[in-house]
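> One structure, as structure tokens, below. Some questions next.
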Amino acid sequence: VTTFAQLNQQYRIKFGFPFILAVRNATKHTVFSAIRGRLRDDNHSREQEKVCALDETHKIAFMRLLTRLDTTDATGYLTCHVLDTANGQHAVNMRVLLHRVSPTEHAGLLGEYWTNENGQVVKKQDTSSSSPQSSSSVLLLQGGREFIVGVYTLTFFVADYFAIRGKTFFAGTPFLDEVPLRFGIDNPDQHYDLPMTVSPWSLELLNVRKPATPITTTTTTTSTPQ
């Protein structure tokens, strides 16, 4: 508390108003990093910081508004696809688990998923089927009571996937085994897309978020690495 008070006083002296940050779901380390970063940037003017402060104020108002709105008719959704850069193809039949971390009252396992022939992560509806590709829906979560503001984790079973390929990419201990990706959803009306490229030794993720629009096809177009 004392350290933050000192930093906030330095901030007031530099910019002329108190430090503002949307802190919901933020740790104290995030708060300290943010205020120290603003103070250390000598090229950051008072007018630029005022824009940042207003943006944070908008975030605070938006998050408070969401807690009072009925979002059961929200149109947002979550999609994901995986590209296997080791073999230059879509990652087919990779197992994926989706958990909700927060809010705690809705936390837990949301479902088991598999990548289809296009590398899209889809839900396996028939758990007794021998084919993981028994589902055609590319939506991991969709609107309403399912797609809610919170923190989520997708776990990709990378080592199992490459073991199935029948190639010796690794020795006894895989470099990448179960790879968790923790991410947050803060707008129930937006499309969150999580493209992933993976090999036995590396992964790359690019989050693309855009206004929600209806999905008219289940085919994802991705370029094969050269």
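Residues are referred to by chain and number: the chain letter is A, B, ... according to the order shown in the structure tokens, the number counts from 1 in that chain, and ligands are numbered separately from 1 in the order shown.
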Using only C-alpha atoms, which residues sit within 10 Å of stretch 58-70 of chain A once same-chain residues fewer than 4 positions away are excluded, as a list in words?

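Surrounding residues, per the criterion: Ile20, Leu21, Ala22, Val23, Arg24, Cys52, Ala53, Leu54, Ala74, Gly144, Arg145, Val149, Asp186, Asn187 and Pro188 of chain A.
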
> Only C-alpha atoms, please: the residues just picked out, written as an mmCIF file, in the first residue's frame.


data_model
loop_
_atom_site.group_PDB
_atom_site.id
_atom_site.type_symbol
_atom_site.label_atom_id
_atom_site.label_comp_id
_atom_site.auth_asym_id
_atom_site.auth_seq_id
_atom_site.Cartn_x
_atom_site.Cartn_y
_atom_site.Cartn_z
ATOM 1 C CA ILE A 20 -6.609 4.995 -13.304
ATOM 2 C CA LEU A 21 -6.603 1.314 -14.243
ATOM 3 C CA ALA A 22 -9.354 -1.255 -14.787
ATOM 4 C CA VAL A 23 -8.144 -3.737 -12.171
ATOM 5 C CA ARG A 24 -10.804 -6.438 -12.277
ATOM 6 C CA CYS A 52 -5.116 6.221 -21.630
ATOM 7 C CA ALA A 53 -6.942 7.228 -18.449
ATOM 8 C CA LEU A 54 -10.192 7.818 -20.348
ATOM 9 C CA ALA A 74 -25.271 -12.316 -26.533
ATOM 10 C CA GLY A 144 -26.044 -16.844 -23.937
ATOM 11 C CA ARG A 145 -25.263 -18.548 -20.623
ATOM 12 C CA VAL A 149 -17.085 -12.970 -19.271
ATOM 13 C CA ASP A 186 -14.365 -9.612 -21.646
ATOM 14 C CA ASN A 187 -17.079 -8.996 -24.237
ATOM 15 C CA PRO A 188 -19.892 -11.554 -24.731
#

> Quick one: residues within 12 Å of A:His106, only C-alpha atoms, excluding same-chain residues fewer than 3 positions away - as a ChimeraX atom specification?

/A:99-103,109-110,145-152

> Would you give me, as CSV, each residue of stretch 65-149 of chain A having an atom within 12 Å of an atom of stretch 172-179 of chain A, along with its shortest atom pair and that distance in Å to one decimal, using only C-alpha atoms and sorting by chain and residue number?


residue,atom,partner,partner_atom,distance
A:Met94,CA,A:Glu178,CA,11.0
A:Arg95,CA,A:Glu178,CA,9.8
A:Val96,CA,A:Glu178,CA,9.2
A:Leu97,CA,A:Glu178,CA,10.0
A:Leu98,CA,A:Val179,CA,11.9

> Quick one: pick out all helix (DSSP H, G or I) residues within stretch 51-156 of chain A from a backbone DSSP run and write them as a ChimeraX atom specification.

/A:51-66,104-106

> Which one is closest to A:Lys123: A:Thr104, A:Gly37, A:Phe32, A:Asn93? Count only C-alpha atoms.

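Of all the options, A:Asn93 lies closest to A:Lys123.
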
> Select, from A:Glu49, A:Glu204, A:Asp73, A:Asp84, the residue with the minimum atom-to-atom distance to A:Asp189, counting only C-alpha atoms.

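Closest residue, counting only C-alpha atoms: A:Asp73.
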
> What is the atom CA of A:Phe17-atom CA of A:Lys50 distance in Å, reported with one decimal?

8.7 Å

> Do you know which residues are at most 9 Å from A:Ala86 counting only C-alpha atoms, after dropping those on the same chain fewer than 3 positions away, and could you put them as a list of chain:residue names?

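With the cut-off at 9 Å, the set is A:Gln89, A:Val198, A:Ser199, A:Pro200.
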
> With C-alpha atoms retained, export the selected residues as a compact mmCIF listing (two decimals), in the first residue's frame.


# COMPACT_ATOMS: atom_id res chain seq x y z
CA GLN A 89 -0.64 -29.69 -42.67
CA VAL A 198 2.50 -26.19 -33.35
CA SER A 199 5.47 -28.52 -33.71
CA PRO A 200 7.05 -30.86 -31.14

> Taking the chain letters and numbering used in this document, name the residues of stretch 58-213 of chain A that DSSP puts in strand (DSSP E), as a PyMOL selection string.

chain A and resi 77-84+89-90+95-102+108-115+121-123+141-142+150-157+178-185+190-198+203-205+208-211

> Go ahead and write the residues just picked, C-alpha atoms, as an mmCIF file, in the first residue's frame.


data_model
loop_
_atom_site.group_PDB
_atom_site.id
_atom_site.type_symbol
_atom_site.label_atom_id
_atom_site.label_comp_id
_atom_site.auth_asym_id
_atom_site.auth_seq_id
_atom_site.Cartn_x
_atom_site.Cartn_y
_atom_site.Cartn_z
ATOM 1 C CA TYR A 77 -18.499 -17.141 -29.768
ATOM 2 C CA LEU A 78 -15.140 -18.880 -29.429
ATOM 3 C CA THR A 79 -13.312 -20.741 -32.207
ATOM 4 C CA CYS A 80 -9.872 -22.319 -32.496
ATOM 5 C CA HIS A 81 -7.836 -24.131 -35.114
ATOM 6 C CA VAL A 82 -4.391 -25.731 -35.125
ATOM 7 C CA LEU A 83 -1.784 -25.963 -37.878
ATOM 8 C CA ASP A 84 0.948 -28.620 -37.699
ATOM 9 C CA GLN A 89 -0.644 -29.688 -42.674
ATOM 10 C CA HIS A 90 -3.708 -29.136 -40.528
ATOM 11 C CA ARG A 95 -7.297 -33.653 -28.204
ATOM 12 C CA VAL A 96 -8.188 -30.367 -26.499
ATOM 13 C CA LEU A 97 -9.846 -29.651 -23.135
ATOM 14 C CA LEU A 98 -11.634 -26.409 -22.266
ATOM 15 C CA HIS A 99 -11.939 -25.232 -18.655
ATOM 16 C CA ARG A 100 -13.515 -22.115 -17.185
ATOM 17 C CA VAL A 101 -11.321 -20.716 -14.398
ATOM 18 C CA SER A 102 -13.474 -17.788 -13.337
ATOM 19 C CA GLY A 108 -14.850 -26.338 -14.188
ATOM 20 C CA LEU A 109 -14.429 -28.518 -17.262
ATOM 21 C CA LEU A 110 -16.620 -27.327 -20.134
ATOM 22 C CA GLY A 111 -15.866 -30.032 -22.630
ATOM 23 C CA GLU A 112 -13.552 -32.360 -24.502
ATOM 24 C CA TYR A 113 -12.741 -31.399 -28.077
ATOM 25 C CA TRP A 114 -10.766 -32.712 -31.048
ATOM 26 C CA THR A 115 -9.383 -31.083 -34.164
ATOM 27 C CA VAL A 121 -11.288 -27.580 -32.718
ATOM 28 C CA VAL A 122 -14.745 -29.181 -32.531
ATOM 29 C CA LYS A 123 -16.710 -30.861 -29.771
ATOM 30 C CA LEU A 141 -18.625 -21.642 -26.864
ATOM 31 C CA GLN A 142 -21.517 -19.630 -28.196
ATOM 32 C CA GLY A 150 -14.301 -14.741 -17.416
ATOM 33 C CA VAL A 151 -10.977 -16.567 -17.583
ATOM 34 C CA TYR A 152 -10.618 -19.816 -19.527
ATOM 35 C CA THR A 153 -7.949 -22.419 -20.253
ATOM 36 C CA LEU A 154 -7.540 -24.508 -23.393
ATOM 37 C CA THR A 155 -5.204 -27.484 -22.938
ATOM 38 C CA PHE A 156 -3.680 -28.938 -26.100
ATOM 39 C CA PHE A 157 -2.375 -32.525 -25.937
ATOM 40 C CA GLU A 178 0.075 -30.880 -22.415
ATOM 41 C CA VAL A 179 0.174 -27.198 -23.358
ATOM 42 C CA PRO A 180 -2.252 -24.934 -21.456
ATOM 43 C CA LEU A 181 -3.370 -21.597 -22.864
ATOM 44 C CA ARG A 182 -5.085 -19.269 -20.392
ATOM 45 C CA PHE A 183 -7.071 -16.398 -21.874
ATOM 46 C CA GLY A 184 -9.814 -13.987 -20.924
ATOM 47 C CA ILE A 185 -13.171 -13.113 -22.463
ATOM 48 C CA GLN A 190 -17.403 -10.552 -29.785
ATOM 49 C CA HIS A 191 -15.811 -13.387 -31.748
ATOM 50 C CA TYR A 192 -12.648 -14.734 -30.157
ATOM 51 C CA ASP A 193 -10.557 -16.788 -32.575
ATOM 52 C CA LEU A 194 -7.447 -18.636 -31.372
ATOM 53 C CA PRO A 195 -5.283 -19.858 -34.259
ATOM 54 C CA MET A 196 -2.375 -22.047 -33.142
ATOM 55 C CA THR A 197 0.672 -23.327 -35.006
ATOM 56 C CA VAL A 198 2.500 -26.190 -33.354
ATOM 57 C CA LEU A 203 4.072 -23.187 -30.681
ATOM 58 C CA GLU A 204 2.776 -19.847 -31.857
ATOM 59 C CA LEU A 205 -0.545 -18.302 -31.007
ATOM 60 C CA VAL A 208 -7.798 -12.454 -33.533
ATOM 61 C CA ARG A 209 -10.883 -10.806 -32.031
ATOM 62 C CA LYS A 210 -13.547 -9.201 -34.160
ATOM 63 C CA PRO A 211 -17.263 -8.291 -34.003
#
